[in-house]
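Novice: Sending over model02.cif (mmCIF, C-alpha atoms).
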```
data_upload
#
loop_
_atom_site.label_atom_id
_atom_site.label_comp_id
_atom_site.auth_asym_id
_atom_site.auth_seq_id
_atom_site.Cartn_x
_atom_site.Cartn_y
_atom_site.Cartn_z
CA MET A 253 -68.06 -50.39 53.44
CA ARG A 254 -65.08 -48.23 54.33
CA GLU A 255 -64.30 -46.55 57.59
CA PHE A 256 -61.70 -44.14 58.80
CA LEU A 257 -61.09 -41.86 61.73
CA TYR A 258 -60.13 -38.24 61.66
CA VAL A 259 -59.00 -36.06 64.54
CA ILE A 260 -60.20 -32.46 64.37
CA ASN A 261 -57.16 -30.23 64.60
CA ASP A 262 -58.81 -26.90 63.90
CA PRO A 263 -58.64 -24.97 67.20
CA MET A 264 -62.18 -23.75 66.52
CA GLY A 265 -63.49 -27.28 66.04
CA PHE A 266 -65.61 -28.53 63.19
CA HIS A 267 -67.27 -25.19 62.44
CA ALA A 268 -69.13 -23.84 59.42
CA ARG A 269 -66.25 -23.68 56.97
CA PRO A 270 -64.71 -27.14 57.48
CA ALA A 271 -68.14 -28.72 57.81
CA SER A 272 -69.24 -27.11 54.56
CA GLN A 273 -66.12 -28.40 52.79
CA VAL A 274 -66.81 -31.97 53.90
CA PHE A 275 -70.48 -31.61 52.97
CA MET A 276 -69.66 -30.29 49.49
CA GLU A 277 -67.33 -33.19 48.80
CA ALA A 278 -69.60 -35.84 50.32
CA ARG A 279 -72.57 -34.92 48.17
CA LYS A 280 -70.59 -35.51 44.97
CA TYR A 281 -70.68 -39.26 45.60
CA MET A 282 -73.41 -41.83 45.44
CA SER A 283 -72.13 -43.62 48.52
CA SER A 284 -73.68 -42.82 51.86
CA VAL A 285 -71.43 -40.81 54.15
CA GLU A 286 -72.08 -41.27 57.84
CA VAL A 287 -70.14 -39.09 60.21
CA SER A 288 -70.16 -39.81 63.91
CA SER A 289 -68.55 -38.43 67.00
CA GLU A 290 -69.08 -39.30 70.65
CA GLY A 291 -72.10 -41.43 69.87
CA GLU A 292 -73.81 -38.80 67.77
CA LEU A 293 -74.49 -39.58 64.16
CA ALA A 294 -74.70 -37.14 61.26
CA ASP A 295 -75.35 -37.39 57.55
CA GLY A 296 -72.27 -36.10 55.73
CA LYS A 297 -74.53 -34.86 52.95
CA ASN A 298 -76.55 -32.66 55.31
CA LEU A 299 -74.70 -29.54 56.38
CA LEU A 300 -76.74 -28.75 59.46
CA SER A 301 -76.53 -32.30 60.65
CA LEU A 302 -72.71 -32.15 60.30
CA MET A 303 -72.39 -28.83 62.07
CA GLY A 304 -74.73 -30.02 64.78
CA LEU A 305 -72.15 -32.62 65.84
CA GLY A 306 -70.27 -29.73 67.45
CA VAL A 307 -66.93 -31.54 67.40
CA LYS A 308 -64.20 -29.64 69.21
CA GLU A 309 -60.46 -29.54 68.65
CA GLY A 310 -59.00 -32.94 69.44
CA GLY A 311 -62.35 -34.65 68.90
CA VAL A 312 -62.37 -37.87 66.92
CA VAL A 313 -64.74 -38.21 64.00
CA ARG A 314 -65.53 -41.52 62.37
CA PHE A 315 -66.42 -41.57 58.68
CA ARG A 316 -68.33 -44.56 57.34
CA LEU A 317 -68.86 -44.77 53.60
CA GLU A 318 -70.96 -47.27 51.79
CA GLY A 319 -71.81 -47.51 48.12
CA PRO A 320 -70.46 -48.15 44.63
CA ASP A 321 -67.95 -45.26 44.74
CA GLU A 322 -66.91 -45.56 48.37
CA GLU A 323 -63.22 -45.86 47.51
CA GLU A 324 -63.17 -42.65 45.49
CA ALA A 325 -65.24 -40.93 48.15
CA GLU A 326 -62.81 -41.98 50.86
CA ALA A 327 -59.82 -40.65 48.94
CA ALA A 328 -61.60 -37.40 48.14
CA LEU A 329 -62.77 -36.80 51.70
CA LYS A 330 -59.32 -37.53 53.09
CA ALA A 331 -57.87 -35.01 50.66
CA VAL A 332 -60.40 -32.39 51.81
CA LEU A 333 -59.76 -33.13 55.48
CA LYS A 334 -56.04 -32.67 54.96
CA GLU A 335 -56.70 -29.12 53.81
CA ILE A 336 -58.93 -27.99 56.66
CA MET B 59 -93.88 -5.08 47.06
CA PHE B 60 -93.89 -6.96 50.31
CA GLY B 61 -97.59 -6.29 50.67
CA SER B 62 -98.39 -8.07 47.45
CA ILE B 63 -96.19 -10.96 48.40
CA LYS B 64 -97.92 -11.20 51.74
CA LYS B 65 -101.25 -11.24 49.95
CA MET B 66 -100.06 -14.03 47.66
CA PHE B 67 -98.76 -15.86 50.67
CA GLY B 68 -102.05 -15.63 52.47
CA GLY B 69 -104.00 -16.37 49.31
CA LYS B 70 -103.49 -18.88 46.59
CA GLU B 71 -99.79 -19.63 47.14
CA LYS B 72 -100.21 -20.78 50.68
CA GLU B 73 -97.71 -23.57 50.31
CA ARG B 74 -94.75 -21.18 49.92
CA GLU B 75 -92.91 -20.52 53.11
CA MET B 76 -91.83 -17.02 54.10
CA ILE B 77 -88.57 -16.51 55.93
CA LEU B 78 -88.48 -13.36 58.03
CA ALA B 79 -85.53 -11.15 58.85
CA PRO B 80 -83.71 -12.48 61.91
CA LEU B 81 -82.10 -9.09 62.45
CA GLU B 82 -82.49 -5.43 61.66
CA GLY B 83 -80.36 -3.89 58.93
CA LYS B 84 -79.79 -3.50 55.23
CA VAL B 85 -80.43 -6.52 53.04
CA VAL B 86 -77.85 -7.04 50.29
CA PRO B 87 -77.18 -9.86 47.80
CA LEU B 88 -74.88 -12.66 48.97
CA SER B 89 -72.51 -11.70 46.15
CA GLU B 90 -71.55 -8.64 48.21
CA VAL B 91 -70.12 -10.79 51.01
CA SER B 92 -66.33 -10.92 50.87
CA ASP B 93 -66.09 -14.59 51.76
CA PRO B 94 -66.42 -17.10 48.92
CA THR B 95 -68.13 -19.70 51.14
CA PHE B 96 -71.09 -17.33 51.17
CA SER B 97 -70.73 -15.24 48.02
CA GLN B 98 -70.39 -18.29 45.78
CA GLU B 99 -73.51 -19.77 47.37
CA ILE B 100 -71.59 -22.84 48.48
CA LEU B 101 -73.81 -23.24 51.53
CA GLY B 102 -76.92 -22.31 49.60
CA LYS B 103 -78.77 -19.26 48.35
CA GLY B 104 -79.92 -16.46 50.58
CA VAL B 105 -79.21 -12.85 51.47
CA ALA B 106 -76.82 -10.97 53.71
CA ILE B 107 -77.86 -8.34 56.21
CA ILE B 108 -75.62 -5.48 57.29
CA PRO B 109 -76.81 -5.23 60.88
CA SER B 110 -77.95 -2.03 62.49
CA LYS B 111 -78.68 -3.77 65.80
CA GLY B 112 -76.88 -6.61 67.58
CA ARG B 113 -79.80 -8.99 67.96
CA ILE B 114 -80.75 -12.21 66.21
CA VAL B 115 -84.28 -13.55 66.51
CA ALA B 116 -85.84 -16.72 65.15
CA PRO B 117 -86.94 -16.11 61.52
CA ALA B 118 -89.56 -18.87 61.68
CA ASP B 119 -91.03 -21.47 64.01
CA GLY B 120 -88.82 -24.52 64.25
CA VAL B 121 -85.96 -26.25 66.01
CA LEU B 122 -82.59 -24.73 66.75
CA THR B 123 -80.59 -27.44 64.98
CA VAL B 124 -77.20 -25.84 65.57
CA MET B 125 -76.00 -23.38 68.17
CA PHE B 126 -72.26 -23.14 67.83
CA GLU B 127 -70.32 -23.10 71.05
CA THR B 128 -68.71 -19.95 69.75
CA LYS B 129 -72.21 -18.47 69.37
CA HIS B 130 -71.31 -16.77 66.10
CA ALA B 131 -73.76 -18.82 64.06
CA VAL B 132 -77.06 -20.58 64.53
CA SER B 133 -79.25 -22.69 62.36
CA ILE B 134 -82.92 -23.40 62.45
CA THR B 135 -84.88 -26.12 60.74
CA THR B 136 -88.32 -24.65 60.30
CA LYS B 137 -91.44 -26.67 60.95
CA HIS B 138 -91.94 -26.81 57.17
CA GLY B 139 -88.44 -28.20 56.65
CA ALA B 140 -86.36 -25.22 55.50
CA GLU B 141 -82.81 -25.27 56.86
CA ILE B 142 -81.65 -21.75 57.66
CA ILE B 143 -78.20 -20.75 58.80
CA ILE B 144 -77.53 -17.30 60.23
CA HIS B 145 -73.83 -16.53 60.39
CA VAL B 146 -73.02 -13.34 62.30
CA GLY B 147 -70.02 -11.67 60.69
CA LEU B 148 -67.13 -13.19 58.76
CA ASP B 149 -64.42 -15.30 60.41
CA THR B 150 -66.05 -14.48 63.73
CA VAL B 151 -65.50 -18.10 64.79
CA ASN B 152 -62.09 -16.78 65.87
CA LEU B 153 -63.69 -14.64 68.59
CA LYS B 154 -64.47 -17.88 70.46
CA GLY B 155 -67.76 -16.54 71.71
CA GLU B 156 -66.46 -13.22 72.92
CA HIS B 157 -68.95 -10.36 72.35
CA PHE B 158 -71.75 -12.91 71.80
CA THR B 159 -74.51 -13.94 74.20
CA SER B 160 -76.81 -16.84 73.43
CA TYR B 161 -80.34 -17.22 74.77
CA LYS B 162 -81.23 -20.65 73.44
CA ASN B 163 -79.57 -24.04 73.28
CA GLN B 164 -79.05 -26.46 70.45
CA GLY B 165 -82.13 -28.64 70.15
CA ASP B 166 -84.55 -26.06 71.58
CA HIS B 167 -87.89 -25.48 69.88
CA VAL B 168 -88.22 -21.82 68.96
CA LYS B 169 -91.06 -19.56 67.93
CA THR B 170 -90.80 -16.81 65.33
CA GLY B 171 -89.30 -13.76 67.01
CA ASP B 172 -87.68 -15.57 69.97
CA LEU B 173 -84.38 -13.93 70.90
CA LEU B 174 -81.53 -16.29 69.95
CA LEU B 175 -78.37 -14.20 70.19
CA GLU B 176 -77.10 -10.79 71.09
CA PHE B 177 -73.78 -9.47 69.88
CA ASP B 178 -71.76 -6.37 70.56
CA MET B 179 -71.49 -4.97 67.06
CA ASP B 180 -69.03 -2.21 67.90
CA ALA B 181 -66.68 -4.50 69.81
CA ILE B 182 -66.70 -7.03 66.96
CA LYS B 183 -65.96 -4.30 64.42
CA GLU B 184 -63.22 -2.92 66.65
CA ALA B 185 -61.67 -6.39 66.80
CA GLY B 186 -61.35 -6.11 63.02
CA TYR B 187 -64.24 -8.24 61.81
CA ASP B 188 -66.88 -7.53 59.18
CA VAL B 189 -70.30 -7.89 60.87
CA ILE B 190 -72.22 -8.61 57.67
CA THR B 191 -74.56 -11.50 58.45
CA PRO B 192 -75.44 -14.05 55.77
CA VAL B 193 -78.86 -15.67 56.12
CA ILE B 194 -78.79 -18.80 54.01
CA ILE B 195 -81.15 -21.60 53.11
CA CYS B 196 -78.93 -24.71 53.22
CA ASN B 197 -81.39 -26.95 51.44
CA THR B 198 -81.75 -24.55 48.52
CA PRO B 199 -82.22 -27.39 45.95
CA ASN B 200 -85.63 -28.05 47.54
CA TYR B 201 -86.76 -24.54 46.59
CA PRO B 202 -86.25 -23.91 42.86
CA ASP B 203 -88.53 -20.85 42.95
CA MET B 204 -86.89 -19.24 45.96
CA GLU B 205 -87.01 -15.44 45.83
CA CYS B 206 -84.80 -13.15 47.87
CA GLN B 207 -85.62 -9.51 48.51
CA THR B 208 -82.54 -7.30 48.65
CA GLY B 209 -81.80 -3.60 48.75
CA ALA B 210 -84.16 -2.61 51.56
CA GLU B 211 -83.64 -1.67 55.18
CA VAL B 212 -85.56 -4.22 57.22
CA LYS B 213 -86.75 -4.50 60.78
CA GLU B 214 -86.74 -7.80 62.62
CA LEU B 215 -89.37 -10.15 61.13
CA ASP B 216 -89.88 -8.25 57.88
CA PRO B 217 -90.14 -10.81 55.04
CA ILE B 218 -86.83 -11.37 53.19
CA ILE B 219 -86.99 -14.75 51.48
CA GLU B 220 -89.91 -16.52 49.89
CA LEU B 221 -89.36 -20.24 49.40
#
```
Represent the structure from my file as structure tokens, please.

Specialist:
Amino acid sequence: MREFLYVINDPMGFHARPASQVFMEARKYMSSVEVSSEGELADGKNLLSLMGLGVKEGGVVRFRLEGPDEEEAEAALKAVLKEI
Amino acid sequence: MFGSIKKMFGGKEKEREMILAPLEGKVVPLSEVSDPTFSQEILGKGVAIIPSKGRIVAPADGVLTVMFETKHAVSITTKHGAEIIIHVGLDTVNLKGEHFTSYKNQGDHVKTGDLLLEFDMDAIKEAGYDVITPVIICNTPNYPDMECQTGAEVKELDPIIEL
């Protein structure tokens, strides 16, 4: 299991475009991708669930990955998050 | 064309779900949207509607799974499980809710035709944004036979997508 935190720095929050980028990357991996913020939990492989978190600028998001390719998934998601 | 689909829908192909137009306007293929997130079907397949009226209504019975704080996009998970996102305009997240009014909250149960959003089309255009509104089925892989009707002018709740 791997975990990391990410602070949303997009002034518009975690809206459709960044959420869709995370979703697209997450679904490439076998590992489960749990995304949580302020006690709410979302499935990183479900776009609506991710967008429904409604994370605002400055909000902290916790990613929890579990599965055979969790290391690759972590690196890939971090790379995506750096771009958004 | 729609008549025959309706007949099929009411007849032997009952299991297929019909998604209705959440707004009035001209239905065009997603490929005509000048934003790759939509035109490349990254979020899923669907259609885009060039609005003729600034109103969004629920395209099916279901739950309002997402109502963005910026009110520029909503999503509904229908009672049959289709995940629909309606994104009013392109890059309109930057308006931070200006020119948009929402009538429902995230988590609300909605009925087909319930008013979800109103938007001031002219003000949004004047601010420099394209108002084309993609209507997308996020869980497209669940619907291999999905059919989208494009090219027509539709009123609210005319059928646009058959799942």

Novice: Which residues match the PyMOL selection byres ((chain B) within 9 of (chain A)) in the file above, as a list of chain:residue names?

Specialist: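 Matching residues under the PyMOL selection byres ((chain B) within 9 of (chain A)) are B:Thr95, B:Ile100, B:Leu101, B:Thr123, B:Val124, B:Met125, B:Phe126, B:Glu127, B:Thr128, B:Ala131, B:Ser133, B:Ile134, B:Thr135, B:Glu141, B:Ile142, B:Ile143, B:His145, B:Val151, B:Asn152, B:Lys154, B:Gln164, B:Cys196, B:Asn197.
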
Novice: Exactly which residues make up the result of the PyMOL selection byres ((chain B and resi 97) around 12) on this file, given as an NGL selection string?

Specialist: :B and (86-96 or 98-106 or 148 or 190-194)

Novice: Just say which residues the PyMOL selection byres ((chain B and resi 207-216) around 10) picks in this file, as a PyMOL selection string.

Specialist: chain B and resi 59-60+76-88+104-111+113-118+170-171+205-206+217-220

Novice: Show which residues sit within 7 Å of Val287 in chain A, as a list in words. Count all atoms listed in the file, and ignore same-chain residues fewer than 4 positions away.

Specialist: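 Skipping anything fewer than 4 positions along the chain leaves Leu293, Ala294, Asp295, Gly296, Val313, Arg314, Phe315 and Arg316 of chain A.
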
Novice: Measure the distance from CA of Val121 in chain B to CA of Lys137 in chain B in Å and round it to one decimal.

Specialist: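 Computed distance, CA of Val121 in chain B to CA of Lys137 in chain B, equals 7.5 Å.
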
Novice: State, in Å with one decimal place, the distance from CA of Glu322 in chain A to CA of Glu255 in chain A.

Specialist: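 Going from CA of Glu322 in chain A over to CA of Glu255 in chain A covers 9.6 Å.
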
Novice: What's the 9 Å shell around Gly319 in chain A, counting only C-alpha atoms, without same-chain residues fewer than 4 positions away, as a PyMOL selection string?

Specialist: chain A and resi 253+281-284+323

Novice: Provide the CA of Thr136 in chain B to CA of Ile195 in chain B distance in Å, to one decimal place.

Specialist: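 It comes out at 10.6 Å.
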
Novice: Pick out the closest residue to Phe177 in chain B from this set: B:Leu221, B:Lys162, B:Lys129, B:Gly139. Count only C-alpha atoms.

Specialist: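 Checking each of B:Leu221, B:Lys162, B:Lys129, B:Gly139 against Phe177 in chain B, counting only C-alpha atoms, the winner is B:Lys129.
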
Novice: Counting all atoms listed in the file, what is within 8 Å of range 324-326 of chain A, bar same-chain residues fewer than 2 positions away, as number ranges by chain?

Specialist: A: 254, 278, 281, 283, 317, 321-322, 328-330

Novice: Draw an axis-aligned box tight on the listed atoms of range 74-93 of chain B, then pad every side by 5 Å and write out centre and edge lengths in Å to one decimal as AutoDock Vina command-line options.

Specialist:
```
--center_x -80.4 --center_y -12.3 --center_z 54.3 --size_x 38.7 --size_y 27.7 --size_z 26.3
```

Novice: Between A:Glu292, A:Leu333, A:Val274, A:Glu309, which one has atoms that come closest to Leu257 in chain A, using all atoms listed in the file?

Specialist: A:Leu333
